[in-house]
Structures are given as C-alpha cells and as structure tokens.
file structure19.cif (mmCIF, C-alpha atoms and all ligand atoms)
data_data
#
loop_
_atom_site.group_PDB
_atom_site.id
_atom_site.type_symbol
_atom_site.label_atom_id
_atom_site.label_comp_id
_atom_site.auth_asym_id
_atom_site.auth_seq_id
_atom_site.Cartn_x
_atom_site.Cartn_y
_atom_site.Cartn_z
ATOM 1 C CA MET V 96 63.966 269.624 101.446
ATOM 2 C CA PHE V 97 61.620 271.450 99.089
ATOM 3 C CA ASP V 98 61.409 275.166 98.441
ATOM 4 C CA ASP V 99 57.674 275.045 98.402
ATOM 5 C CA ILE V 100 56.422 271.816 99.871
ATOM 6 C CA ASN V 101 52.799 272.741 99.328
ATOM 7 C CA ASP V 102 53.410 273.110 95.624
ATOM 8 C CA LEU V 103 54.562 269.516 95.292
ATOM 9 C CA TYR V 104 52.556 267.721 97.910
ATOM 10 C CA GLN V 105 49.206 268.635 96.581
ATOM 11 C CA GLN V 106 46.055 267.357 98.125
ATOM 12 C CA VAL V 107 45.636 264.445 95.735
ATOM 13 C CA ILE V 108 49.191 263.206 96.243
ATOM 14 C CA LEU V 109 48.850 263.371 100.020
ATOM 15 C CA ASP V 110 45.551 261.553 99.899
ATOM 16 C CA HIS V 111 46.920 258.702 97.764
ATOM 17 C CA CYS V 112 50.065 258.545 99.868
ATOM 18 C CA LYS V 113 48.181 258.163 103.134
ATOM 19 C CA GLN V 114 45.492 255.882 101.755
ATOM 20 C CA PRO V 115 46.951 254.149 98.698
ATOM 21 C CA ARG V 116 44.347 252.576 96.407
ATOM 22 C CA ASN V 117 44.682 248.957 95.269
ATOM 23 C CA PHE V 118 47.380 248.394 97.893
ATOM 24 C CA HIS V 119 47.417 244.619 98.234
ATOM 25 C CA GLU V 120 48.984 241.464 96.839
ATOM 26 C CA MET V 121 47.212 239.817 93.926
ATOM 27 C CA PRO V 122 47.632 236.036 94.071
ATOM 28 C CA ALA V 123 45.784 235.541 90.763
ATOM 29 C CA ALA V 124 47.829 238.150 88.867
ATOM 30 C CA THR V 125 48.800 237.173 85.334
ATOM 31 C CA CYS V 126 51.960 239.279 85.457
ATOM 32 C CA SER V 127 53.942 241.339 87.925
ATOM 33 C CA ALA V 128 57.139 243.344 88.131
ATOM 34 C CA GLN V 129 59.393 244.711 90.835
ATOM 35 C CA GLY V 130 60.572 248.284 90.761
ATOM 36 C CA HIS V 131 63.451 249.738 92.731
ATOM 37 C CA ASN V 132 64.681 253.311 93.004
ATOM 38 C CA PRO V 133 68.023 253.135 94.831
ATOM 39 C CA LEU V 134 68.384 256.923 94.987
ATOM 40 C CA CYS V 135 65.442 257.210 97.325
ATOM 41 C CA GLY V 136 64.978 253.649 98.571
ATOM 42 C CA ASP V 137 61.577 253.156 96.974
ATOM 43 C CA ASN V 138 60.599 249.522 96.435
ATOM 44 C CA LEU V 139 57.378 248.336 94.947
ATOM 45 C CA LYS V 140 55.823 245.354 93.246
ATOM 46 C CA LEU V 141 53.096 245.832 90.695
ATOM 47 C CA PHE V 142 50.497 243.174 89.890
ATOM 48 C CA LEU V 143 48.341 243.008 86.773
ATOM 49 C CA THR V 144 45.511 240.744 85.720
ATOM 50 C CA LEU V 145 45.258 240.706 81.935
ATOM 51 C CA ASP V 146 42.291 239.426 79.991
ATOM 52 C CA GLY V 147 43.642 239.136 76.485
ATOM 53 C CA ASP V 148 44.904 242.638 75.783
ATOM 54 C CA VAL V 149 42.916 244.387 78.496
ATOM 55 C CA ILE V 150 44.149 245.204 81.999
ATOM 56 C CA LYS V 151 41.277 243.975 84.134
ATOM 57 C CA ASP V 152 42.855 244.636 87.500
ATOM 58 C CA ALA V 153 45.965 246.227 88.969
ATOM 59 C CA SER V 154 47.444 246.454 92.444
ATOM 60 C CA PHE V 155 50.742 247.068 94.175
ATOM 61 C CA VAL V 156 52.619 246.526 97.413
ATOM 62 C CA GLY V 157 55.840 248.006 98.679
ATOM 63 C CA SER V 158 57.370 250.800 100.636
ATOM 64 C CA GLY V 159 58.764 254.138 99.656
ATOM 65 C CA CYS V 160 58.324 257.858 99.818
ATOM 66 C CA CYS V 161 55.051 259.674 99.469
ATOM 67 C CA ILE V 162 55.552 260.455 95.785
ATOM 68 C CA SER V 163 56.329 256.865 94.799
ATOM 69 C CA LYS V 164 53.327 255.474 96.681
ATOM 70 C CA ALA V 165 50.922 258.101 95.385
ATOM 71 C CA SER V 166 52.190 257.528 91.844
ATOM 72 C CA ALA V 167 51.642 253.760 92.081
ATOM 73 C CA SER V 168 48.224 254.292 93.638
ATOM 74 C CA LEU V 169 47.088 256.659 90.884
ATOM 75 C CA LEU V 170 48.619 254.389 88.239
ATOM 76 C CA THR V 171 46.627 251.354 89.346
ATOM 77 C CA ASP V 172 43.425 253.408 89.334
ATOM 78 C CA ASN V 173 44.240 254.866 85.920
ATOM 79 C CA ILE V 174 45.135 251.763 83.940
ATOM 80 C CA LYS V 175 42.244 249.486 84.922
ATOM 81 C CA GLY V 176 40.192 248.790 81.829
ATOM 82 C CA LYS V 177 42.883 250.017 79.446
ATOM 83 C CA THR V 178 44.462 247.932 76.719
ATOM 84 C CA LYS V 179 48.218 247.331 76.709
ATOM 85 C CA ALA V 180 48.591 249.890 73.902
ATOM 86 C CA GLU V 181 46.574 252.489 75.816
ATOM 87 C CA ALA V 182 48.651 251.874 78.950
ATOM 88 C CA GLU V 183 51.852 252.340 76.942
ATOM 89 C CA LYS V 184 50.528 255.608 75.530
ATOM 90 C CA THR V 185 49.687 256.803 79.040
ATOM 91 C CA PHE V 186 53.213 255.854 80.150
ATOM 92 C CA GLU V 187 54.653 258.072 77.398
ATOM 93 C CA GLN V 188 52.359 260.945 78.386
ATOM 94 C CA VAL V 189 53.240 260.615 82.067
ATOM 95 C CA ARG V 190 56.971 260.366 81.375
ATOM 96 C CA ASP V 191 56.878 263.511 79.252
ATOM 97 C CA MET V 192 54.817 265.317 81.863
ATOM 98 C CA ILE V 193 57.000 264.316 84.820
ATOM 99 C CA THR V 194 60.232 265.243 83.045
ATOM 100 C CA THR V 195 59.084 268.470 81.335
ATOM 101 C CA GLY V 196 56.014 269.645 83.225
ATOM 102 C CA ASN V 197 54.024 269.768 79.978
ATOM 103 C CA VAL V 198 50.675 268.002 80.043
ATOM 104 C CA ASN V 199 49.825 266.508 76.649
ATOM 105 C CA GLY V 200 46.427 264.947 76.201
ATOM 106 C CA ASP V 201 44.004 263.858 78.864
ATOM 107 C CA VAL V 202 45.883 262.263 81.742
ATOM 108 C CA GLY V 203 43.154 262.805 84.327
ATOM 109 C CA LYS V 204 44.272 262.929 87.927
ATOM 110 C CA LEU V 205 47.816 262.011 86.897
ATOM 111 C CA ALA V 206 48.260 265.705 86.065
ATOM 112 C CA VAL V 207 49.044 266.301 89.745
ATOM 113 C CA PHE V 208 52.545 264.990 89.000
ATOM 114 C CA ALA V 209 53.304 267.739 86.479
ATOM 115 C CA GLY V 210 54.950 269.743 89.293
ATOM 116 C CA VAL V 211 57.471 266.973 89.978
ATOM 117 C CA HIS V 212 59.752 268.074 87.116
ATOM 118 C CA LYS V 213 60.860 270.994 89.309
ATOM 119 C CA TYR V 214 62.376 268.482 91.733
ATOM 120 C CA PRO V 215 64.785 266.303 89.724
ATOM 121 C CA ALA V 216 65.474 263.977 92.652
ATOM 122 C CA ARG V 217 61.766 263.152 92.781
ATOM 123 C CA VAL V 218 61.289 262.408 89.082
ATOM 124 C CA LYS V 219 62.497 258.834 89.547
ATOM 125 C CA CYS V 220 60.152 258.365 92.498
ATOM 126 C CA ALA V 221 57.188 259.391 90.361
ATOM 127 C CA ILE V 222 58.190 257.341 87.307
ATOM 128 C CA LEU V 223 59.123 254.155 89.191
ATOM 129 C CA ALA V 224 55.669 252.557 89.157
ATOM 130 C CA TRP V 225 55.354 253.325 85.434
ATOM 131 C CA HIS V 226 58.607 251.543 84.637
ATOM 132 C CA ALA V 227 57.365 248.595 86.692
ATOM 133 C CA LEU V 228 54.161 248.657 84.637
ATOM 134 C CA MET V 229 56.120 248.516 81.391
ATOM 135 C CA GLY V 230 58.247 245.703 82.810
ATOM 136 C CA ALA V 231 55.145 243.727 83.774
ATOM 137 C CA LEU V 232 53.529 244.203 80.369
ATOM 138 C CA LYS V 233 56.715 243.103 78.610
ATOM 139 C CA GLY V 234 57.090 240.133 80.920
ATOM 140 C CA ASP V 235 60.529 241.161 82.154
ATOM 141 C CA ALA V 236 61.770 238.740 84.755
ATOM 142 C CA GLN V 237 64.427 241.107 86.048
ATOM 143 C CA PRO V 238 63.501 243.780 88.586
ATOM 144 C CA VAL V 239 63.206 247.233 87.077
ATOM 145 C CA SER V 240 65.659 249.761 88.450
ATOM 146 C CA THR V 241 65.425 253.463 87.763
ATOM 147 C CA GLU V 242 69.232 253.422 87.567
ATOM 148 C CA SER V 243 69.181 251.310 84.422
ATOM 149 C CA GLU V 244 66.309 253.090 82.708
ATOM 150 C CA GLN V 245 66.560 255.987 80.329
ATOM 151 C CA LEU V 246 64.088 258.575 81.501
HETATM 152 ZN ZN ZN V 301 61.070 258.213 96.468
#
call {"tool": "encode", "arguments": {"input": "structure19.cif", "output": "structure tokens"}}
result
Amino acid sequence: MFDDINDLYQQVILDHCKQPRNFHEMPAATCSAQGHNPLCGDNLKLFLTLDGDVIKDASFVGSGCCISKASASLLTDNIKGKTKAEAEKTFEQVRDMITTGNVNGDVGKLAVFAGVHKYPARVKCAILAWHALMGALKGDAQPVSTESEQL
C-alpha cells in the first residue's frame, strides 16, 4: 500500500500501535468525545479529566489502523498537564505538520507524524484523535467525523 513502508511506520509509531498508552475507559472522565474516520474505519473514544482549565488525565479506547491508534496514544501522553489553550495550540501545530510535513515549534514525539503528509489517505487517520480532543474540550455531544471536518 505504501511506497516505502519503513518511512511511515517508524519505530515510535509501531511501538505505540502495538502497545497503546492510556488505552482504557475512564469512568470518572469529565468529558469525552467519539471520533470516526469512515474512509479507513477508525473508531475511537477519547476521555479527559479536567481540573479547571488543566487536563489532568487522558485516555482512549477504540479500534482502527496503526496510525490512528498510535496518534491517539501519543496524543494522550502529550496533552496530560496541558491547559485547554495549550492543547488547542498543539492541535494547530499537529494539523499543520500532518498536512504539510512542516514541523513548527516543539511538538516532541508527535514529530513522527510529519511523514504522514506524503500519504493523503492516512492524514485523516492521524488527525482523528485530535479532532476528538477538540470535540471533547468544546463539549460537543455529536460524534466527530473526519468527513465533516475541514482539515
Ligand atoms: Zn486509519
């Protein structure tokens, strides 16, 4: 499916795909959002525990391709301890990076997704968890679909 599978499936992505971090339900979550990517069949639910403006904890459950799971896993690791505003800024950085390949600012391990822009069909897999995050922070009751989002 890919011209150079090793280029995309880097070590970090494979690791988070096989052993996703924070992969569990969160009964005490203060907000959550569903994300669905019909093009690939990725489904996930993101849970957040907010303390005022700070994301104290994050987790997810769901099923999908390696990219979508690794993205959600790295997202939950990345946003813990961030404020809502910081999480939104990271979302913007990640969206730019995934769609253009340009890394702006310090995105930490999330930089492994910079290569995804070369595979347009995979961009929505990588961004899905981030749209779910934005949905959860905004308190959207409707499931987030990559088909209704402007990338
Ligand atoms: Zn996918």
call {"tool": "residues_near_ligand", "arguments": {"input": "structure19.cif", "ligand": "ligand ZN 301 (chain V)", "cutoff": "9 Å", "atoms": "all atoms listed in the file", "output": "list in words"}}
result
Asn132, Pro133, Leu134, Cys135, Gly136, Asp137, Asn138, Gly159, Cys160, Cys161, Ile162, Ser163, Lys164, Ala216, Arg217, Val218, Lys219, Cys220, Ala221 and Leu223 of chain V
call {"tool": "resolve_selection", "arguments": {"input": "structure19.cif", "expression": "the PyMOL selection byres (((chain V and resi 111-126) around 9) and not hetatm)", "output": "MDAnalysis selection string"}}
result
chainID V and resid 106:110 127:128 140:146 152:157 160:169 171:172 231:232 234
call {"tool": "residues_around", "arguments": {"input": "structure19.cif", "residues": "Ala180 (chain V)", "least_positions_apart": "5", "cutoff": "10 Å", "atoms": "all atoms listed in the file", "output": "MDAnalysis selection string"}}
result
chainID V and resid 148:149 185:186 232
call {"tool": "closest_residue", "arguments": {"input": "structure19.cif", "among": "V:Val189, V:Ser158, V:Gly130, V:Glu242", "to": "Gly203 (chain V)", "atoms": "all atoms listed in the file"}}
result
V:Val189
call {"tool": "closest_residue", "arguments": {"input": "structure19.cif", "among": "V:Ile222, V:Val239, V:Leu170, V:Ala227", "to": "Val202 (chain V)", "atoms": "only C-alpha atoms"}}
result
V:Leu170
call {"tool": "resolve_selection", "arguments": {"input": "structure19.cif", "expression": "the PyMOL selection byres (((chain V and resi 196) around 6) and not hetatm)", "output": "list of chain:residue names"}}
result
V:Met192, V:Ile193, V:Thr195, V:Asn197, V:Ala209, V:His212
call {"tool": "resolve_selection", "arguments": {"input": "structure19.cif", "expression": "the PyMOL selection byres (((chain V and resi 176) around 7) and not hetatm)", "output": "number ranges by chain"}}
result
V: 149-151, 174-175, 177-178
call {"tool": "atom_distance", "arguments": {"input": "structure19.cif", "atom1": "CA of Gly147 (chain V)", "atom2": "CA of Gln237 (chain V)"}}
result
23.0 Å
call {"tool": "atom_distance", "arguments": {"input": "structure19.cif", "atom1": "CA of Pro215 (chain V)", "atom2": "CA of Asn173 (chain V)"}}
result
23.8 Å
call {"tool": "atom_distance", "arguments": {"input": "structure19.cif", "atom1": "CA of Gln105 (chain V)", "atom2": "CA of Gly230 (chain V)"}}
result
28.2 Å
call {"tool": "build_atoms", "arguments": {"input": "structure19.cif", "residues": "region 116-151 of chain V", "atoms": "N, CA and C atoms", "output": "short mmCIF file (atom, residue, chain, number, x, y, z; two decimals), in the frame of the given file"}}
result
data_model
loop_
_atom_site.label_atom_id
_atom_site.label_comp_id
_atom_site.auth_asym_id
_atom_site.auth_seq_id
_atom_site.Cartn_x
_atom_site.Cartn_y
_atom_site.Cartn_z
N ARG V 116 45.38 253.43 96.99
CA ARG V 116 44.35 252.58 96.41
C ARG V 116 44.99 251.30 95.86
N ASN V 117 44.22 250.23 95.87
CA ASN V 117 44.68 248.96 95.27
C ASN V 117 46.00 248.49 95.89
N PHE V 118 46.13 248.72 97.19
CA PHE V 118 47.38 248.39 97.89
C PHE V 118 47.24 247.02 98.55
N HIS V 119 47.51 245.99 97.74
CA HIS V 119 47.42 244.62 98.23
C HIS V 119 48.11 243.68 97.25
N GLU V 120 48.45 242.49 97.72
CA GLU V 120 48.98 241.46 96.84
C GLU V 120 47.86 240.94 95.95
N MET V 121 48.22 240.38 94.81
CA MET V 121 47.21 239.82 93.93
C MET V 121 47.64 238.40 93.53
N PRO V 122 47.18 237.41 94.32
CA PRO V 122 47.63 236.04 94.07
C PRO V 122 47.30 235.54 92.66
N ALA V 123 46.21 236.03 92.08
CA ALA V 123 45.78 235.54 90.76
C ALA V 123 46.33 236.39 89.61
N ALA V 124 47.29 237.26 89.91
CA ALA V 124 47.83 238.15 88.87
C ALA V 124 48.42 237.34 87.71
N THR V 125 48.22 237.85 86.50
CA THR V 125 48.80 237.17 85.33
C THR V 125 50.23 237.65 85.08
N CYS V 126 50.57 238.83 85.55
CA CYS V 126 51.96 239.28 85.46
C CYS V 126 52.25 240.28 86.57
N SER V 127 53.53 240.42 86.87
CA SER V 127 53.94 241.34 87.92
C SER V 127 55.37 241.78 87.65
N ALA V 128 55.76 242.87 88.29
CA ALA V 128 57.14 243.34 88.13
C ALA V 128 57.55 244.11 89.38
N GLN V 129 58.82 243.99 89.71
CA GLN V 129 59.39 244.71 90.84
C GLN V 129 60.02 246.00 90.33
N GLY V 130 59.89 247.04 91.09
CA GLY V 130 60.57 248.28 90.76
C GLY V 130 61.38 248.76 91.95
N HIS V 131 62.57 249.29 91.66
CA HIS V 131 63.45 249.74 92.73
C HIS V 131 64.09 251.06 92.34
N ASN V 132 64.03 252.02 93.23
CA ASN V 132 64.68 253.31 93.00
C ASN V 132 65.73 253.51 94.09
N PRO V 133 66.98 253.11 93.80
CA PRO V 133 68.02 253.14 94.83
C PRO V 133 68.34 254.54 95.35
N LEU V 134 68.08 255.55 94.55
CA LEU V 134 68.38 256.92 94.99
C LEU V 134 67.56 257.32 96.20
N CYS V 135 66.35 256.81 96.25
CA CYS V 135 65.44 257.21 97.32
C CYS V 135 65.14 256.06 98.27
N GLY V 136 65.31 254.82 97.77
CA GLY V 136 64.98 253.65 98.57
C GLY V 136 63.57 253.15 98.35
N ASP V 137 62.94 253.61 97.28
CA ASP V 137 61.58 253.16 96.97
C ASP V 137 61.62 251.75 96.40
N ASN V 138 60.74 250.89 96.92
CA ASN V 138 60.60 249.52 96.44
C ASN V 138 59.13 249.24 96.24
N LEU V 139 58.77 248.73 95.09
CA LEU V 139 57.38 248.34 94.95
C LEU V 139 57.25 247.16 94.00
N LYS V 140 56.14 246.45 94.14
CA LYS V 140 55.82 245.35 93.25
C LYS V 140 54.44 245.61 92.70
N LEU V 141 54.34 245.55 91.39
CA LEU V 141 53.10 245.83 90.70
C LEU V 141 52.50 244.52 90.18
N PHE V 142 51.20 244.37 90.36
CA PHE V 142 50.50 243.17 89.89
C PHE V 142 49.46 243.58 88.85
N LEU V 143 49.36 242.77 87.80
CA LEU V 143 48.34 243.01 86.77
C LEU V 143 47.58 241.72 86.49
N THR V 144 46.29 241.85 86.24
CA THR V 144 45.51 240.74 85.72
C THR V 144 45.05 241.13 84.33
N LEU V 145 45.59 240.42 83.33
CA LEU V 145 45.26 240.71 81.94
C LEU V 145 44.21 239.72 81.44
N ASP V 146 43.26 240.26 80.69
CA ASP V 146 42.29 239.43 79.99
C ASP V 146 42.50 239.71 78.51
N GLY V 147 43.24 238.84 77.85
CA GLY V 147 43.64 239.14 76.48
C GLY V 147 44.55 240.35 76.49
N ASP V 148 44.10 241.43 75.89
CA ASP V 148 44.90 242.64 75.78
C ASP V 148 44.49 243.71 76.79
N VAL V 149 43.48 243.38 77.60
CA VAL V 149 42.92 244.39 78.50
C VAL V 149 43.37 244.16 79.94
N ILE V 150 43.75 245.27 80.59
CA ILE V 150 44.15 245.20 82.00
C ILE V 150 42.88 245.23 82.84
N LYS V 151 42.52 244.07 83.37
CA LYS V 151 41.28 243.98 84.13
C LYS V 151 41.45 244.49 85.55
#
